[in-house]
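This is query28.cif. It holds mmCIF, C-alpha atoms (C1' of nucleotides).
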```cif
data_start
loop_
_atom_site.label_atom_id
_atom_site.label_comp_id
_atom_site.auth_asym_id
_atom_site.auth_seq_id
_atom_site.Cartn_x
_atom_site.Cartn_y
_atom_site.Cartn_z
CA MET G 927 137.01 94.79 86.03
CA PRO G 928 138.57 92.63 83.37
CA GLU G 929 136.67 92.66 80.09
CA LEU G 930 137.81 91.67 76.61
CA PRO G 931 140.64 94.25 76.29
CA GLU G 932 142.04 93.42 79.72
CA VAL G 933 141.95 89.65 79.16
CA GLU G 934 143.47 90.06 75.70
CA THR G 935 146.27 92.16 77.19
CA ILE G 936 146.95 89.44 79.74
CA ARG G 937 146.87 86.79 77.01
CA ARG G 938 149.50 88.60 74.97
CA ALA G 939 151.70 89.02 78.02
CA ILE G 940 151.73 85.40 79.14
CA GLU G 941 151.64 83.68 75.74
CA PRO G 942 155.38 83.90 75.00
CA CYS G 943 156.20 82.76 78.53
CA ILE G 944 154.30 79.48 78.64
CA VAL G 945 153.56 78.22 75.12
CA GLY G 946 155.46 74.97 74.63
CA ALA G 947 156.02 74.52 78.35
CA ARG G 948 154.58 71.68 80.40
CA ILE G 949 152.32 72.26 83.39
CA SER G 950 154.40 70.86 86.25
CA ASP G 951 152.12 71.73 89.15
CA VAL G 952 148.70 73.17 89.96
CA SER G 953 148.49 74.46 93.51
CA LEU G 954 145.12 75.69 94.79
CA LEU G 955 145.56 77.81 97.90
CA ASP G 956 141.79 78.44 97.82
CA PRO G 957 140.05 75.23 96.72
CA SER G 958 136.81 77.07 95.89
CA ILE G 959 138.51 78.60 92.86
CA ALA G 960 138.00 75.26 91.07
CA GLY G 961 134.23 75.65 91.18
CA PRO G 962 131.73 72.83 91.69
CA GLU G 963 133.95 70.28 89.91
CA GLY G 964 136.31 70.43 92.87
CA PRO G 965 140.06 71.00 93.13
CA GLU G 966 140.93 67.40 92.17
CA SER G 967 139.60 67.91 88.65
CA LEU G 968 142.40 70.35 87.87
CA GLN G 969 145.11 67.75 88.57
CA ALA G 970 144.22 66.25 85.18
CA ALA G 971 146.07 69.18 83.63
CA VAL G 972 149.37 68.39 85.35
CA GLY G 973 151.89 67.01 82.86
CA ALA G 974 150.17 68.47 79.82
CA THR G 975 151.92 70.82 77.41
CA VAL G 976 150.50 74.27 76.64
CA ARG G 977 149.97 74.34 72.88
CA ALA G 978 148.51 77.84 72.71
CA VAL G 979 147.11 80.62 74.86
CA LEU G 980 143.72 81.75 73.59
CA ARG G 981 141.06 84.24 74.62
CA ARG G 982 137.36 83.72 74.05
CA GLY G 983 135.17 86.49 75.39
CA LYS G 984 136.49 87.08 78.89
CA HIS G 985 137.83 83.53 79.21
CA LEU G 986 141.59 82.96 79.19
CA ILE G 987 142.38 79.53 77.77
CA LEU G 988 145.52 77.42 78.04
CA LEU G 989 144.97 75.00 75.15
CA LEU G 990 146.37 71.51 75.78
CA ASN G 991 146.61 68.33 73.69
CA GLY G 992 143.44 66.75 72.36
CA ASN G 993 141.38 69.94 72.50
CA ARG G 994 141.60 69.93 76.29
CA GLY G 995 142.07 73.21 78.09
CA VAL G 996 142.60 75.03 81.36
CA VAL G 997 140.18 77.95 81.47
CA LEU G 998 140.69 80.93 83.77
CA HIS G 999 137.94 83.49 84.38
CA LEU G 1000 138.84 86.62 86.33
CA ARG G 1001 135.26 87.76 87.06
CA MET G 1002 135.38 91.01 89.04
CA THR G 1003 138.72 91.28 90.80
CA GLY G 1004 140.88 88.51 89.38
CA ALA G 1005 144.38 89.18 88.07
CA ILE G 1006 147.19 87.10 86.62
CA LEU G 1007 150.73 87.71 87.78
CA LEU G 1008 153.99 86.28 86.47
CA GLN G 1009 155.87 87.08 89.64
CA GLU G 1010 155.30 87.44 93.34
CA PRO G 1011 153.16 90.52 94.02
CA ALA G 1012 154.64 93.40 95.97
CA THR G 1013 151.79 94.05 98.37
CA LYS G 1014 148.24 93.19 99.37
CA ALA G 1015 148.02 89.99 97.36
CA ARG G 1016 145.22 87.45 97.55
CA VAL G 1017 146.83 84.59 95.65
CA ARG G 1018 144.26 81.80 95.20
CA ALA G 1019 146.18 79.49 92.88
CA VAL G 1020 149.63 78.96 91.39
CA LEU G 1021 150.29 77.21 88.06
CA SER G 1022 153.91 76.14 87.66
CA PHE G 1023 155.56 75.29 84.34
CA SER G 1024 158.50 73.15 83.24
CA ASN G 1025 160.45 76.20 82.05
CA GLY G 1026 160.37 77.77 85.51
CA GLU G 1027 157.52 80.21 84.85
CA LYS G 1028 154.70 80.59 87.37
CA LEU G 1029 151.21 82.01 86.87
CA LEU G 1030 149.69 83.43 90.05
CA PHE G 1031 145.91 83.85 90.17
CA ASN G 1032 145.26 86.80 92.45
CA ASP G 1033 141.64 87.51 93.39
CA MET G 1034 140.40 89.66 96.25
CA ARG G 1035 136.73 88.70 96.03
CA ARG G 1036 137.11 85.01 95.22
CA LEU G 1037 134.61 85.07 92.35
CA GLY G 1038 137.16 83.99 89.73
CA THR G 1039 137.49 80.37 88.59
CA ILE G 1040 139.98 77.93 87.08
CA ARG G 1041 138.62 74.84 85.37
CA HIS G 1042 139.89 71.94 83.30
CA TYR G 1043 137.82 71.04 80.23
CA GLN G 1044 138.26 67.66 78.53
CA ASP G 1045 136.83 69.27 75.40
CA MET G 1046 136.85 73.00 74.76
CA LYS G 1047 134.16 72.85 72.10
CA PRO G 1048 131.03 73.28 74.30
CA LEU G 1049 132.38 76.41 75.96
CA LEU G 1050 133.59 77.92 72.70
CA GLN G 1051 130.28 77.25 70.96
CA ARG G 1052 127.91 78.58 73.58
CA LEU G 1053 129.49 82.04 73.60
CA GLY G 1054 128.41 84.69 71.13
CA PRO G 1055 130.65 86.01 68.34
CA GLU G 1056 133.98 87.67 69.01
CA PRO G 1057 133.33 91.38 68.39
CA LEU G 1058 136.69 91.88 66.67
CA ASP G 1059 136.37 88.86 64.37
CA GLU G 1060 135.42 89.19 60.70
CA ASP G 1061 132.23 87.18 61.07
CA PHE G 1062 130.87 89.76 63.51
CA THR G 1063 129.18 92.25 61.20
CA ALA G 1064 126.61 95.00 61.56
CA ASP G 1065 124.12 92.68 59.86
CA SER G 1066 124.80 89.76 62.19
CA LEU G 1067 124.48 92.07 65.20
CA LYS G 1068 121.20 93.43 63.88
CA GLU G 1069 119.90 89.90 63.33
CA SER G 1070 120.84 88.96 66.89
CA LEU G 1071 119.42 92.11 68.51
CA SER G 1072 116.15 91.79 66.63
CA ARG G 1073 115.33 88.71 68.71
CA HIS G 1074 115.45 90.60 72.03
CA ARG G 1075 113.31 93.33 73.53
CA ILE G 1076 115.60 93.78 76.54
CA PRO G 1077 117.40 97.13 76.96
CA ILE G 1078 120.36 97.43 74.56
CA LYS G 1079 122.66 97.86 77.55
CA ALA G 1080 121.58 94.46 78.88
CA ALA G 1081 121.90 92.90 75.42
CA LEU G 1082 125.53 94.06 75.11
CA LEU G 1083 126.31 92.41 78.46
CA ASP G 1084 124.75 89.10 77.34
CA GLN G 1085 127.70 86.87 76.43
CA HIS G 1086 125.50 84.85 74.05
CA ILE G 1087 124.82 87.94 71.92
CA VAL G 1088 128.39 89.22 71.82
CA ALA G 1089 131.31 87.84 73.84
CA GLY G 1090 133.66 89.87 75.99
CA VAL G 1091 131.78 93.15 76.51
CA GLY G 1092 131.31 94.25 80.11
CA ASN G 1093 129.82 97.22 81.89
CA MET G 1094 132.52 99.79 81.09
CA TYR G 1095 132.88 99.18 77.37
CA ALA G 1096 129.13 98.78 76.84
CA ASP G 1097 128.61 102.28 78.23
CA GLU G 1098 131.47 103.70 76.15
CA ALA G 1099 130.16 102.13 72.94
CA LEU G 1100 126.59 103.37 73.55
CA PHE G 1101 127.92 106.88 74.09
CA LEU G 1102 129.85 106.88 70.80
CA ALA G 1103 126.79 105.52 68.99
CA ARG G 1104 124.52 108.05 70.74
CA ILE G 1105 122.12 105.37 71.93
CA HIS G 1106 120.22 105.54 75.23
CA PRO G 1107 121.03 102.45 77.34
CA MET G 1108 117.33 101.66 77.95
CA THR G 1109 116.42 101.45 74.26
CA PRO G 1110 114.86 98.05 73.50
CA ALA G 1111 117.38 96.07 71.47
CA ARG G 1112 114.95 95.05 68.75
CA ASN G 1113 113.88 98.67 68.17
CA LEU G 1114 117.27 99.79 66.87
CA ASP G 1115 117.17 100.31 63.13
CA ILE G 1116 119.97 99.27 60.77
CA PRO G 1117 121.83 102.63 60.79
CA ARG G 1118 121.86 102.76 64.58
CA VAL G 1119 123.02 99.16 64.87
CA ALA G 1120 125.75 99.93 62.35
CA SER G 1121 126.86 102.86 64.51
CA LEU G 1122 126.88 100.65 67.56
CA TRP G 1123 128.83 97.91 65.77
CA LYS G 1124 131.45 100.41 64.69
CA ALA G 1125 131.62 101.98 68.16
CA LEU G 1126 132.04 98.61 69.87
CA ARG G 1127 134.98 97.67 67.69
CA GLN G 1128 136.51 101.13 68.09
CA VAL G 1129 136.22 101.11 71.88
CA LEU G 1130 137.62 97.60 72.27
CA THR G 1131 140.47 98.11 69.81
CA ASP G 1132 141.52 101.38 71.43
CA ALA G 1133 141.43 99.80 74.89
CA ILE G 1134 143.64 96.91 73.80
CA GLY G 1135 146.06 99.49 72.41
CA SER G 1136 146.12 101.09 75.88
CA LYS G 1137 146.65 97.70 77.54
CA GLY G 1138 143.29 97.79 79.28
CA ALA G 1139 141.68 100.00 81.89
CA SER G 1140 143.14 99.88 85.38
CA VAL G 1141 140.03 100.70 87.33
CA SER G 1142 139.54 98.54 90.41
CA THR G 1143 142.20 95.82 90.72
CA TYR G 1144 143.24 95.19 87.10
CA ALA G 1145 146.95 95.15 86.32
CA LEU G 1146 149.17 93.52 83.74
CA PRO G 1147 151.00 90.31 84.68
CA ASN G 1148 154.17 92.31 85.33
CA GLY G 1149 152.31 94.63 87.71
CA GLU G 1150 152.04 97.58 85.30
CA HIS G 1151 148.74 99.42 84.88
CA GLY G 1152 146.77 99.90 81.68
CA THR G 1153 145.73 103.40 80.63
CA ALA G 1154 142.47 102.85 78.72
CA HIS G 1155 140.40 104.46 81.48
CA PHE G 1156 142.06 107.81 80.80
CA GLY G 1157 140.27 107.77 77.45
CA PHE G 1158 136.83 107.03 78.83
CA ASN G 1159 134.07 109.46 77.94
CA VAL G 1160 131.33 108.40 80.34
CA ALA G 1161 132.19 105.26 82.34
CA HIS G 1162 132.39 106.03 86.07
CA LYS G 1163 132.02 109.75 85.38
CA LYS G 1164 128.67 110.65 86.94
CA GLY G 1165 128.24 114.40 87.29
CA GLU G 1166 131.22 115.26 85.09
CA PRO G 1167 130.59 117.28 81.91
CA CYS G 1168 129.95 115.37 78.70
CA PRO G 1169 133.08 115.69 76.53
CA ARG G 1170 130.82 116.30 73.53
CA CYS G 1171 128.19 118.77 74.79
CA GLY G 1172 129.14 119.68 78.35
CA MET G 1173 125.94 118.43 79.96
CA ALA G 1174 126.40 116.66 83.31
CA LEU G 1175 126.67 112.91 82.76
CA GLN G 1176 124.06 110.78 84.48
CA ARG G 1177 123.98 107.32 86.01
CA VAL G 1178 120.94 105.10 85.87
CA MET G 1179 120.38 101.49 86.83
CA VAL G 1180 119.68 99.15 83.91
CA ARG G 1181 118.91 95.63 85.09
CA LYS G 1182 120.80 96.31 88.33
CA ARG G 1183 123.88 97.59 86.47
CA GLY G 1184 125.14 101.13 86.88
CA SER G 1185 124.97 102.75 83.46
CA TYR G 1186 126.64 106.06 82.62
CA TYR G 1187 125.42 108.20 79.73
CA CYS G 1188 124.83 111.72 78.46
CA PRO G 1189 121.14 112.72 78.65
CA THR G 1190 121.58 115.12 75.73
CA CYS G 1191 123.71 113.07 73.34
CA GLN G 1192 121.88 109.82 74.15
CA PRO G 1193 118.24 110.88 74.42
CA PRO G 1194 115.58 108.24 75.02
CA SER G 1195 113.80 107.45 71.78
CA GLY G 1196 110.00 107.52 71.82
CA ASP G 1197 109.87 103.76 72.24
CA THR G 1198 112.42 103.55 75.04
CA ALA G 1199 110.92 101.68 77.96
CA GLY G 1200 111.19 103.02 81.45
CA GLY G 1201 113.18 106.12 80.33
"C1'" DC H 479 111.52 80.80 75.06
"C1'" DC H 480 111.78 85.12 77.63
"C1'" DC H 481 112.74 87.84 81.40
"C1'" DG H 482 113.68 89.47 86.23
"C1'" DG H 483 115.87 88.64 90.42
"C1'" DA H 484 118.92 86.20 93.89
"C1'" DA H 485 123.27 84.36 94.98
"C1'" DC H 486 128.21 84.32 95.05
"C1'" DC H 487 132.16 87.37 97.33
"C1'" DT H 488 134.93 91.29 100.02
"C1'" DG H 489 136.54 95.99 100.54
"C1'" DA H 490 135.05 100.77 100.14
"C1'" DA H 491 131.85 104.14 101.23
"C1'" DG H 492 127.98 106.19 103.49
"C1'" DG H 493 124.47 106.61 107.34
"C1'" DC H 494 123.53 107.22 112.06
"C1'" DT Z 1191 134.93 106.64 116.76
"C1'" DG Z 1192 132.52 102.62 115.30
"C1'" DC Z 1193 129.00 99.57 113.94
"C1'" DC Z 1194 125.88 98.55 110.38
"C1'" DT Z 1195 124.14 98.59 105.66
"C1'" DT Z 1196 124.71 99.17 100.91
"C1'" DC Z 1197 127.12 98.95 96.69
"C1'" DA Z 1198 130.28 97.37 93.03
"C1'" DG Z 1199 129.37 93.72 88.63
"C1'" DG Z 1200 130.36 88.77 85.70
"C1'" DT Z 1201 128.12 84.73 85.70
"C1'" DT Z 1202 124.91 81.01 86.92
"C1'" DC Z 1203 120.75 79.40 88.63
"C1'" DC Z 1204 115.85 79.56 89.65
"C1'" DG Z 1205 111.08 80.85 89.21
"C1'" DG Z 1206 107.11 83.05 86.98
#
```
Please go through the file and, once you have read it, give me the structure as structure tokens.
Amino acid sequence: MPELPEVETIRRAIEPCIVGARISDVSLLDPSIAGPEGPESLQAAVGATVRAVLRRGKHLILLLNGNRGVVLHLRMTGAILLQEPATKARVRAVLSFSNGEKLLFNDMRRLGTIRHYQDMKPLLQRLGPEPLDEDFTADSLKESLSRHRIPIKAALLDQHIVAGVGNMYADEALFLARIHPMTPARNLDIPRVASLWKALRQVLTDAIGSKGASVSTYALPNGEHGTAHFGFNVAHKKGEPCPRCGMALQRVMVRKRGSYYCPTCQPPSGDTAGG
DNA sequence: CCCGGAACCTGAAGGC
DNA sequence: TGCCTTCAGGTTCCGG
């Protein structure tokens, strides 16, 4: 499941291959990948030069002239490949470039999208802060969380509150910060928010260093696997002993999302709803 | 505004 | 063995 570290890893891999090149062809083997705008809308990108490859949250952005952009979102099972896959591929789209490079959009479940934006500004502005940027501080996170009474786990998954965090890294950050996933966001005091802020940045930075977590279908554009999942403490580890205290890790549903945590290290606070 | 739930999608896993 | 149901989760949309 590609989250910020996985998309950032992909960005770094493809950037040197396509920056400065011209998009020579956009081929949609599965037209539904273009979303409601329809496959024709993507033809507007043909002929444009890739000025930069950016990441914003979980969005991968090929920045074109005039603040236009081609935006790829991998959703659950999407992957970007720079070469023909060895086996079991579900290639939904192929972007070809003037320098001979090809980007293959592989996606088993067909939830991923590719879109052309005439102006990137609306997308960039509606997303929350980048958790690894300097303007994302413990104070700004506290200010944002204080406006929501939803469970902190749900708040971390809200892309308007912080961009790029998904189910795995939300659970890992909450474990490091010793916060129960059901705790109402606005009830976290400054010290606990500061712990969470630090944990979020730690978890995401470490995962980028490990080139992402290859659970499910995620792989690098050259087919290699990331290793971040080997460092996980709680994600997808129901029943295994907590690495800190040894207690069996539990899994609960928070807003329909499987949430892994240690019942001892992350006890429900007195004000935790639904505990 | 705030919040919960459905829908999208397909392969794996579990029940009978 | 095999059919059927449920689950996985990022995002958007809809309704109370």
| task | Report as number ranges by chain the full result of the PyMOL selection byres ((chain G) within 12 of (chain H)) when it is applied to this structure. | result | G: 958-959, 961, 1001-1004, 1016, 1033-1039, 1073-1077, 1080, 1142-1143, 1180-1182
| task | Please identify every residue of chain Z that has at least one atom no more than 8 Å from any atom of chain G, counting only C-alpha atoms (C1' of nucleotides), and report them as JSON, numbers by chain. | result | {"Z": [1199, 1200, 1201]}
| said: Could you tell me, as a ChimeraX atom specification, exactly which residues end up selected when the PyMOL selection byres ((chain G and resi 1171-1179) around 10) is applied to this structure? | reply: /G:1107-1108,1159-1170,1180-1191,1201
| task | For the file shown, report as an MDAnalysis selection string the outcome of the PyMOL selection byres ((chain G and resi 990) around 9) at residue level. | result | chainID G and resid 971 974:978 988:989 991:996
| message | So, with only C-alpha atoms as the atoms that count, which of G:Ala1064, G:Leu1050, G:Ile1116, G:Val1129 lies closest to Leu986 of chain G? | response | G:Leu1050
| said: To one decimal place in Å, what is the distance between atom CA of Pro1057 of chain G and atom CA of Ser1195 of chain G? | reply: 25.5 Å
| task | Report the distance between atom CA of Val1017 of chain G and atom CA of Pro1048 of chain G in Å, rounded to one decimal place. | result | 28.9 Å
| Residues near Arg1041 of chain G, cut-off 8 Å, all atoms listed in the file, skip fewer than 6 positions along chain, as a VMD selection string | chain G and resid 960 to 961 963 967 to 968 996 to 998
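For the pair atom CA of Leu1130 of chain G and atom CA of Leu1100 of chain G, the interatomic distance is 12.5 Å.
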| query | Got a sec to check which residues sit within 9 Å of (122.8, 101.8, 69.0), counting all atoms listed in the file, and write them as a list of chain:residue names? | reply | G:Ile1078, G:Ala1099, G:Leu1100, G:Phe1101, G:Leu1102, G:Ala1103, G:Arg1104, G:Ile1105, G:His1106, G:Pro1107, G:Thr1109, G:Ala1111, G:Leu1114, G:Asp1115, G:Pro1117, G:Arg1118, G:Val1119, G:Ala1120, G:Ser1121, G:Leu1122, G:Trp1123, G:Ala1125
Taking C-alpha atoms for each residue, export the selection above as an mmCIF file, keeping the file's coordinate frame.
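Final output, saved to selection-v9.cif:
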```cif
data_model
loop_
_atom_site.group_PDB
_atom_site.id
_atom_site.type_symbol
_atom_site.label_atom_id
_atom_site.label_comp_id
_atom_site.auth_asym_id
_atom_site.auth_seq_id
_atom_site.Cartn_x
_atom_site.Cartn_y
_atom_site.Cartn_z
ATOM 1 C CA ILE G 1078 120.360 97.430 74.560
ATOM 2 C CA ALA G 1099 130.160 102.130 72.940
ATOM 3 C CA LEU G 1100 126.590 103.370 73.550
ATOM 4 C CA PHE G 1101 127.920 106.880 74.090
ATOM 5 C CA LEU G 1102 129.850 106.880 70.800
ATOM 6 C CA ALA G 1103 126.790 105.520 68.990
ATOM 7 C CA ARG G 1104 124.520 108.050 70.740
ATOM 8 C CA ILE G 1105 122.120 105.370 71.930
ATOM 9 C CA HIS G 1106 120.220 105.540 75.230
ATOM 10 C CA PRO G 1107 121.030 102.450 77.340
ATOM 11 C CA THR G 1109 116.420 101.450 74.260
ATOM 12 C CA ALA G 1111 117.380 96.070 71.470
ATOM 13 C CA LEU G 1114 117.270 99.790 66.870
ATOM 14 C CA ASP G 1115 117.170 100.310 63.130
ATOM 15 C CA PRO G 1117 121.830 102.630 60.790
ATOM 16 C CA ARG G 1118 121.860 102.760 64.580
ATOM 17 C CA VAL G 1119 123.020 99.160 64.870
ATOM 18 C CA ALA G 1120 125.750 99.930 62.350
ATOM 19 C CA SER G 1121 126.860 102.860 64.510
ATOM 20 C CA LEU G 1122 126.880 100.650 67.560
ATOM 21 C CA TRP G 1123 128.830 97.910 65.770
ATOM 22 C CA ALA G 1125 131.620 101.980 68.160
#
```
Could you add N, CA, C and O atoms to segment 1137-1150 of chain G and give me the result as a compact mmCIF listing (two decimals), keeping the file's coordinate frame?
```txt
# COMPACT_ATOMS: atom_id res chain seq x y z
N LYS G 1137 146.40 98.79 76.59
CA LYS G 1137 146.65 97.70 77.54
C LYS G 1137 145.62 97.62 78.66
O LYS G 1137 145.94 97.26 79.79
N GLY G 1138 144.37 97.96 78.32
CA GLY G 1138 143.29 97.79 79.28
C GLY G 1138 143.12 98.97 80.21
O GLY G 1138 143.91 99.91 80.21
N ALA G 1139 142.03 98.92 80.98
CA ALA G 1139 141.68 100.00 81.89
C ALA G 1139 141.93 99.56 83.33
O ALA G 1139 141.29 98.64 83.81
N SER G 1140 142.83 100.24 84.00
CA SER G 1140 143.14 99.88 85.38
C SER G 1140 142.23 100.60 86.37
O SER G 1140 142.68 101.40 87.19
N VAL G 1141 140.92 100.33 86.25
CA VAL G 1141 140.03 100.70 87.33
C VAL G 1141 139.95 99.46 88.21
O VAL G 1141 140.23 98.37 87.76
N SER G 1142 139.57 99.66 89.48
CA SER G 1142 139.54 98.54 90.41
C SER G 1142 140.92 97.86 90.48
O SER G 1142 141.93 98.55 90.56
N THR G 1143 140.96 96.54 90.38
CA THR G 1143 142.20 95.82 90.72
C THR G 1143 142.99 95.35 89.50
O THR G 1143 143.98 94.65 89.65
N TYR G 1144 142.56 95.73 88.29
CA TYR G 1144 143.24 95.19 87.10
C TYR G 1144 144.66 95.72 86.94
O TYR G 1144 144.92 96.92 87.07
N ALA G 1145 145.58 94.78 86.66
CA ALA G 1145 146.95 95.15 86.32
C ALA G 1145 147.48 94.11 85.34
O ALA G 1145 146.94 93.01 85.22
N LEU G 1146 148.53 94.46 84.64
CA LEU G 1146 149.17 93.52 83.74
C LEU G 1146 149.93 92.49 84.57
O LEU G 1146 150.20 92.70 85.76
N PRO G 1147 150.29 91.35 83.93
CA PRO G 1147 151.00 90.31 84.68
C PRO G 1147 152.34 90.75 85.26
O PRO G 1147 152.86 90.12 86.18
N ASN G 1148 152.92 91.81 84.74
CA ASN G 1148 154.17 92.31 85.33
C ASN G 1148 153.92 93.40 86.36
O ASN G 1148 154.86 94.03 86.86
N GLY G 1149 152.65 93.65 86.69
CA GLY G 1149 152.31 94.63 87.71
C GLY G 1149 152.02 96.03 87.17
O GLY G 1149 151.53 96.88 87.91
N GLU G 1150 152.33 96.27 85.89
CA GLU G 1150 152.04 97.58 85.30
C GLU G 1150 150.52 97.81 85.22
O GLU G 1150 149.75 96.88 85.26
```
